[in-house]
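Enquirer: Pasting a structure below so you can have a look.
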Amino acid sequence: MNNIPAYKTEIIDTEVSKIQYLFESKGEKSIIKAIEYSFVRKLSGRKVYNLGFGDYDEQNGSIIDDINSNNGDMRKVFSTVLNTVPKFFAENKDSAIWVQGSDSAEDFKIKCEVDCKKNCTEICKNYNRRIKAYRYYVDRNFVELSKEYIFFGFTNGENPNFVQYIPKNEYIGILVFKKK
Amino acid sequence: MERKKQILKATKVLSMSQTTKNRISIIAKDIKGKELFPEKVELAKRTFSKLKSLPI
């Protein structure tokens with residue numbers, strides 16, 4: 001079991017194409033956050049769902065998924081997201097979850113350069129930051145997680161493809177299946 | 001036999017106040033039916049469009 005407390009989530013939408021949750025992050029501020037599993041594509045007879053996660057901007061009525069809210073409760077928020085995974089697989093046993101950060105897009109570096117203050121030279125320090133957080137969790141708990149789930153890493157480069165997930169290796173996305 | 005222990009399931013779930021429930025229900029009406037992360041879903045679709053099969 002995951003020993004980090006999770007926030008209670010409210011399920012908003014359970015359509016065939018998506019499952020949405022909202023919850024309140026109670027750190028330095030109160031922020032409403034959203035989790036969404038969106039259908040991407042059916043491949044090899046299995047449905048693939050993208051796991052999206054971000055802050056709800058109550059002033060604009062939109063979701064922000066490209067900033068770090070630094071609300072001081074990152075572990076609880078992360079635990080809350082993870083806590084929805086068993087629920088997802090309980091209803092979607094043969095499906096797969098795809099995790100890729102908004103900062104893993106091919107054009108992220110170009111967009112980042114516009115107003116970034118980090119003065120990066122060759123390597124953009126913000127690139128793939130979000131997937132690194134997920135990888136860090138998977139790497140630390142890989143043995144336990146592997147009893148229930150099967151992980152594949154997605155490699156970038158000339159021939160992007162899925163490879164067996166090996167802790168500490170670099171991936172731009174993670175694909176997760178539930179073991180039967 | 002189904003395994004009962006689930007590593008990702010949190011041992012403790014923090015309660016939600018009625019005020020938050022009300023706040024969330026208002027937001028839920030606004031977002032119901034909407035795609036919340038269209039750019040990420042598009043990114044995922046682009047990634048998967050190049051693939052012919054899943055690894056399993």
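Going through the structure tokens in order, the chains are called A, B, and so on, while each chain numbers its residues from 1 and the ligands are numbered from 1 in the order shown.
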May I have a table of the residues of chain A lying at most 8 Å from chain B, giving each one's closest pair of atoms and their distance in Å to one decimal, counting only C-alpha atoms, ordered by chain and ascending residue number, as JSON lines?
Expert:
{"residue": "A:Met1", "atom": "CA", "partner": "B:Ile7", "partner_atom": "CA", "distance": 4.0}
{"residue": "A:Asn2", "atom": "CA", "partner": "B:Ala10", "partner_atom": "CA", "distance": 4.6}
{"residue": "A:Asn3", "atom": "CA", "partner": "B:Thr11", "partner_atom": "CA", "distance": 5.5}
{"residue": "A:Ile4", "atom": "CA", "partner": "B:Ala10", "partner_atom": "CA", "distance": 6.4}
{"residue": "A:Pro5", "atom": "CA", "partner": "B:Lys12", "partner_atom": "CA", "distance": 4.8}
{"residue": "A:Ala6", "atom": "CA", "partner": "B:Val13", "partner_atom": "CA", "distance": 4.8}
{"residue": "A:Tyr7", "atom": "CA", "partner": "B:Leu14", "partner_atom": "CA", "distance": 4.9}
{"residue": "A:Lys8", "atom": "CA", "partner": "B:Leu14", "partner_atom": "CA", "distance": 5.7}
{"residue": "A:Glu10", "atom": "CA", "partner": "B:Ile24", "partner_atom": "CA", "distance": 7.8}
{"residue": "A:Ile12", "atom": "CA", "partner": "B:Ala28", "partner_atom": "CA", "distance": 6.1}
{"residue": "A:Asp13", "atom": "CA", "partner": "B:Lys32", "partner_atom": "CA", "distance": 6.5}
{"residue": "A:Leu22", "atom": "CA", "partner": "B:Ile24", "partner_atom": "CA", "distance": 6.9}
{"residue": "A:Phe23", "atom": "CA", "partner": "B:Ile24", "partner_atom": "CA", "distance": 7.5}
{"residue": "A:Glu24", "atom": "CA", "partner": "B:Thr20", "partner_atom": "CA", "distance": 7.2}
{"residue": "A:Ile32", "atom": "CA", "partner": "B:Ile24", "partner_atom": "CA", "distance": 7.7}
{"residue": "A:Glu36", "atom": "CA", "partner": "B:Leu36", "partner_atom": "CA", "distance": 7.1}
{"residue": "A:Ser38", "atom": "CA", "partner": "B:Val41", "partner_atom": "CA", "distance": 7.0}
{"residue": "A:Val40", "atom": "CA", "partner": "B:Lys45", "partner_atom": "CA", "distance": 5.8}
{"residue": "A:Arg41", "atom": "CA", "partner": "B:Lys45", "partner_atom": "CA", "distance": 7.1}
{"residue": "A:Leu43", "atom": "CA", "partner": "B:Ser53", "partner_atom": "CA", "distance": 5.7}
{"residue": "A:Ser44", "atom": "CA", "partner": "B:Ser53", "partner_atom": "CA", "distance": 5.3}
{"residue": "A:Asn50", "atom": "CA", "partner": "B:Val41", "partner_atom": "CA", "distance": 6.4}
{"residue": "A:Gly52", "atom": "CA", "partner": "B:Phe37", "partner_atom": "CA", "distance": 6.3}
{"residue": "A:Phe53", "atom": "CA", "partner": "B:Phe37", "partner_atom": "CA", "distance": 7.9}
{"residue": "A:Glu58", "atom": "CA", "partner": "B:Ile27", "partner_atom": "CA", "distance": 7.9}
{"residue": "A:Gly61", "atom": "CA", "partner": "B:Asp30", "partner_atom": "CA", "distance": 7.6}
{"residue": "A:Ser62", "atom": "CA", "partner": "B:Leu36", "partner_atom": "CA", "distance": 7.8}
{"residue": "A:Ile63", "atom": "CA", "partner": "B:Leu36", "partner_atom": "CA", "distance": 6.3}
{"residue": "A:Asp65", "atom": "CA", "partner": "B:Phe37", "partner_atom": "CA", "distance": 7.8}
{"residue": "A:Ser79", "atom": "CA", "partner": "B:Ala10", "partner_atom": "CA", "distance": 6.8}
{"residue": "A:Thr80", "atom": "CA", "partner": "B:Ala10", "partner_atom": "CA", "distance": 7.6}
{"residue": "A:Leu82", "atom": "CA", "partner": "B:Leu8", "partner_atom": "CA", "distance": 5.6}
{"residue": "A:Asn83", "atom": "CA", "partner": "B:Lys9", "partner_atom": "CA", "distance": 4.7}
{"residue": "A:Thr84", "atom": "CA", "partner": "B:Lys9", "partner_atom": "CA", "distance": 7.7}
{"residue": "A:Val85", "atom": "CA", "partner": "B:Leu8", "partner_atom": "CA", "distance": 7.0}
{"residue": "A:Pro86", "atom": "CA", "partner": "B:Lys9", "partner_atom": "CA", "distance": 6.6}
{"residue": "A:Trp98", "atom": "CA", "partner": "B:Ala44", "partner_atom": "CA", "distance": 7.8}
{"residue": "A:Gln100", "atom": "CA", "partner": "B:Ala44", "partner_atom": "CA", "distance": 7.7}
{"residue": "A:Gly101", "atom": "CA", "partner": "B:Lys40", "partner_atom": "CA", "distance": 7.8}
{"residue": "A:Ser102", "atom": "CA", "partner": "B:Lys40", "partner_atom": "CA", "distance": 6.2}
{"residue": "A:Ala105", "atom": "CA", "partner": "B:Leu43", "partner_atom": "CA", "distance": 6.8}
{"residue": "A:Glu144", "atom": "CA", "partner": "B:Ile7", "partner_atom": "CA", "distance": 7.1}
{"residue": "A:Leu145", "atom": "CA", "partner": "B:Ile7", "partner_atom": "CA", "distance": 6.6}
{"residue": "A:Glu148", "atom": "CA", "partner": "B:Gln6", "partner_atom": "CA", "distance": 7.7}
{"residue": "A:Phe152", "atom": "CA", "partner": "B:Pro55", "partner_atom": "CA", "distance": 7.8}
{"residue": "A:Asn161", "atom": "CA", "partner": "B:Leu51", "partner_atom": "CA", "distance": 7.7}
{"residue": "A:Phe162", "atom": "CA", "partner": "B:Pro55", "partner_atom": "CA", "distance": 6.5}
{"residue": "A:Val163", "atom": "CA", "partner": "B:Pro55", "partner_atom": "CA", "distance": 7.7}
Enquirer: As a list of chain:residue names, please: all residues of range 58-119 of chain A that backbone DSSP puts in strand (DSSP E or B).
Expert: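 Listing strand (DSSP E or B) positions across range 58-119 of chain A yields A:Ser62, A:Ile63, A:Ile64, A:Ala96, A:Ile97, A:Trp98, A:Val99.
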Enquirer: For the residues selected in the previous step, produce a file with C-alpha atoms as a compact mmCIF listing (two decimals), in the first residue's frame.
Expert:
# COMPACT_ATOMS: atom_id res chain seq x y z
CA SER A 62 -9.33 26.33 -17.65
CA ILE A 63 -6.75 23.72 -16.73
CA ILE A 64 -3.09 24.59 -16.35
CA ALA A 96 -3.09 0.67 -20.79
CA ILE A 97 -2.19 3.99 -19.18
CA TRP A 98 0.14 6.33 -21.02
CA VAL A 99 2.07 8.93 -19.02
Enquirer: Looking at A:Asp94, A:Ile19, A:Ala133, A:Val138, which one is nearest to Arg75 in chain A, with distances taken over only C-alpha atoms?
Expert: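 Checking each candidate against Arg75 in chain A, we get A:Ala133 as the closest.
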Enquirer: In Å, rounded to a single decimal, give me how far CA of Phe142 in chain A is from CA of Ile67 in chain A.
Expert: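 Taking CA of Ile67 in chain A and CA of Phe142 in chain A, their separation equals 27.4 Å.
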Enquirer: What's around Glu122 in chain A at 12 Å? Count only C-alpha atoms, leave out sequence neighbours fewer than 3 positions away in its own chain, and write the answer as a list in words.
Expert: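 Using only C-alpha atoms, the neighbours found are Lys109, Glu113, Lys118, Asn119, Lys125 and Tyr127 of chain A.
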Enquirer: Could you please take those selected residues and save C-alpha atoms as a PDB file, in the first residue's frame?
Expert:
ATOM      1  CA  LYS A 109      12.471  23.374 -25.852  1.00  0.00           C
ATOM      2  CA  GLU A 113      13.409  29.335 -24.493  1.00  0.00           C
ATOM      3  CA  LYS A 118      17.584  29.279 -16.464  1.00  0.00           C
ATOM      4  CA  ASN A 119      20.115  30.200 -19.148  1.00  0.00           C
ATOM      5  CA  LYS A 125      16.660  21.785 -17.820  1.00  0.00           C
ATOM      6  CA  TYR A 127      12.570  19.318 -20.731  1.00  0.00           C
TER       7      TYR A 127
END
Enquirer: Just list as number ranges by chain whatever in chain A DSSP marks as helix (DSSP H, G or I).
Expert: A: 74-91, 102-104, 108-115, 129-140, 142-145
Enquirer: Please dump the current selection as a tab-separated table (two decimals), in the first residue's frame; keep N, CA and C atoms.
Expert:
chain	number	residue	atom	x	y	z
A	74	MET	N	3.32	18.28	-2.51
A	74	MET	CA	3.54	17.49	-3.72
A	74	MET	C	3.35	15.99	-3.49
A	75	ARG	N	3.82	15.49	-2.36
A	75	ARG	CA	3.71	14.04	-2.09
A	75	ARG	C	2.26	13.61	-1.97
A	76	LYS	N	1.46	14.40	-1.31
A	76	LYS	CA	0.04	14.06	-1.17
A	76	LYS	C	-0.67	14.13	-2.53
A	77	VAL	N	-0.31	15.14	-3.30
A	77	VAL	CA	-0.93	15.29	-4.63
A	77	VAL	C	-0.55	14.10	-5.51
A	78	PHE	N	0.71	13.74	-5.47
A	78	PHE	CA	1.18	12.60	-6.27
A	78	PHE	C	0.49	11.32	-5.81
A	79	SER	N	0.37	11.16	-4.50
A	79	SER	CA	-0.31	9.99	-3.94
A	79	SER	C	-1.78	9.95	-4.40
A	80	THR	N	-2.38	11.11	-4.50
A	80	THR	CA	-3.78	11.18	-4.94
A	80	THR	C	-3.93	10.71	-6.38
A	81	VAL	N	-2.99	11.14	-7.21
A	81	VAL	CA	-3.02	10.71	-8.62
A	81	VAL	C	-2.83	9.19	-8.69
A	82	LEU	N	-1.83	8.70	-7.95
A	82	LEU	CA	-1.56	7.25	-7.96
A	82	LEU	C	-2.74	6.45	-7.43
A	83	ASN	N	-3.46	7.03	-6.48
A	83	ASN	CA	-4.59	6.34	-5.87
A	83	ASN	C	-5.74	6.10	-6.86
A	84	THR	N	-5.74	6.84	-7.96
A	84	THR	CA	-6.79	6.63	-8.97
A	84	THR	C	-6.43	5.49	-9.94
A	85	VAL	N	-5.16	5.08	-9.95
A	85	VAL	CA	-4.73	4.05	-10.90
A	85	VAL	C	-5.43	2.70	-10.65
A	86	PRO	N	-5.45	2.20	-9.39
A	86	PRO	CA	-6.18	0.93	-9.17
A	86	PRO	C	-7.66	1.03	-9.54
A	87	LYS	N	-8.25	2.19	-9.32
A	87	LYS	CA	-9.67	2.38	-9.69
A	87	LYS	C	-9.82	2.29	-11.20
A	88	PHE	N	-8.88	2.91	-11.90
A	88	PHE	CA	-8.94	2.87	-13.36
A	88	PHE	C	-8.87	1.44	-13.87
A	89	PHE	N	-7.90	0.67	-13.36
A	89	PHE	CA	-7.72	-0.69	-13.85
A	89	PHE	C	-8.84	-1.63	-13.39
A	90	ALA	N	-9.50	-1.28	-12.30
A	90	ALA	CA	-10.63	-2.10	-11.86
A	90	ALA	C	-11.74	-2.07	-12.90
A	91	GLU	N	-11.86	-0.92	-13.58
A	91	GLU	CA	-12.91	-0.77	-14.59
A	91	GLU	C	-12.40	-1.02	-16.01
A	102	SER	N	3.77	17.28	-20.10
A	102	SER	CA	3.54	18.33	-21.10
A	102	SER	C	4.88	18.92	-21.56
A	103	ASP	N	5.92	18.72	-20.75
A	103	ASP	CA	7.23	19.25	-21.12
A	103	ASP	C	8.08	18.21	-21.88
A	104	SER	N	7.40	17.16	-22.39
A	104	SER	CA	8.12	16.16	-23.20
A	104	SER	C	7.80	16.29	-24.69
A	108	PHE	N	8.83	21.52	-27.10
A	108	PHE	CA	8.86	22.16	-25.78
A	108	PHE	C	10.07	23.07	-25.62
A	109	LYS	N	11.24	22.60	-26.06
A	109	LYS	CA	12.47	23.37	-25.85
A	109	LYS	C	12.37	24.76	-26.50
A	110	ILE	N	11.79	24.78	-27.69
A	110	ILE	CA	11.66	26.06	-28.41
A	110	ILE	C	10.73	27.00	-27.65
A	111	LYS	N	9.61	26.44	-27.15
A	111	LYS	CA	8.65	27.26	-26.40
A	111	LYS	C	9.25	27.72	-25.07
A	112	CYS	N	10.03	26.84	-24.47
A	112	CYS	CA	10.62	27.13	-23.16
A	112	CYS	C	11.61	28.29	-23.24
A	113	GLU	N	12.36	28.32	-24.33
A	113	GLU	CA	13.41	29.33	-24.49
A	113	GLU	C	12.87	30.76	-24.47
A	114	VAL	N	11.60	30.92	-24.85
A	114	VAL	CA	11.02	32.26	-25.01
A	114	VAL	C	11.11	33.08	-23.73
A	115	ASP	N	10.71	32.47	-22.60
A	115	ASP	CA	10.76	33.26	-21.36
A	115	ASP	C	11.46	32.53	-20.20
A	129	ARG	N	10.89	17.25	-17.35
A	129	ARG	CA	10.91	17.33	-15.88
A	129	ARG	C	9.78	16.52	-15.25
A	130	ARG	N	8.60	16.56	-15.86
A	130	ARG	CA	7.45	15.87	-15.25
A	130	ARG	C	7.59	14.36	-15.32
A	131	ILE	N	8.03	13.87	-16.46
A	131	ILE	CA	8.15	12.41	-16.58
A	131	ILE	C	9.25	11.91	-15.63
A	132	LYS	N	10.22	12.78	-15.34
A	132	LYS	CA	11.27	12.38	-14.39
A	132	LYS	C	10.68	12.12	-13.01
A	133	ALA	N	9.67	12.91	-12.63
A	133	ALA	CA	9.03	12.71	-11.32
A	133	ALA	C	8.33	11.35	-11.28
A	134	TYR	N	7.66	11.00	-12.36
A	134	TYR	CA	7.01	9.68	-12.42
A	134	TYR	C	8.05	8.57	-12.45
A	135	ARG	N	9.10	8.78	-13.23
A	135	ARG	CA	10.15	7.77	-13.32
A	135	ARG	C	10.82	7.56	-11.97
A	136	TYR	N	11.02	8.65	-11.25
A	136	TYR	CA	11.64	8.58	-9.93
A	136	TYR	C	10.80	7.68	-9.02
A	137	TYR	N	9.49	7.88	-9.05
A	137	TYR	CA	8.61	7.05	-8.22
A	137	TYR	C	8.66	5.58	-8.66
A	138	VAL	N	8.55	5.36	-9.97
A	138	VAL	CA	8.57	3.98	-10.48
A	138	VAL	C	9.90	3.32	-10.13
A	139	ASP	N	11.00	4.04	-10.34
A	139	ASP	CA	12.33	3.48	-10.07
A	139	ASP	C	12.47	3.05	-8.61
A	140	ARG	N	12.00	3.92	-7.72
A	140	ARG	CA	12.13	3.63	-6.28
A	140	ARG	C	11.28	2.45	-5.83
A	142	PHE	N	10.06	-0.02	-8.01
A	142	PHE	CA	9.92	-0.90	-9.17
A	142	PHE	C	9.63	-2.36	-8.81
A	143	VAL	N	10.33	-2.87	-7.83
A	143	VAL	CA	10.15	-4.30	-7.47
A	143	VAL	C	8.72	-4.54	-7.01
A	144	GLU	N	8.23	-3.70	-6.11
A	144	GLU	CA	6.85	-3.87	-5.61
A	144	GLU	C	5.83	-3.64	-6.71
A	145	LEU	N	6.04	-2.58	-7.47
A	145	LEU	CA	5.08	-2.23	-8.54
A	145	LEU	C	5.00	-3.33	-9.59
Enquirer: Could you tell me how far CA of Ile174 in chain A lies from CA of Gly27 in chain A, in Å and to one decimal?
Expert: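 Taking CA of Ile174 in chain A and CA of Gly27 in chain A, their separation equals 28.1 Å.
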Enquirer: Quick one: distance from CA of Gln59 in chain A to CA of Tyr37 in chain A in Å, one decimal?
Expert: 23.9 Å
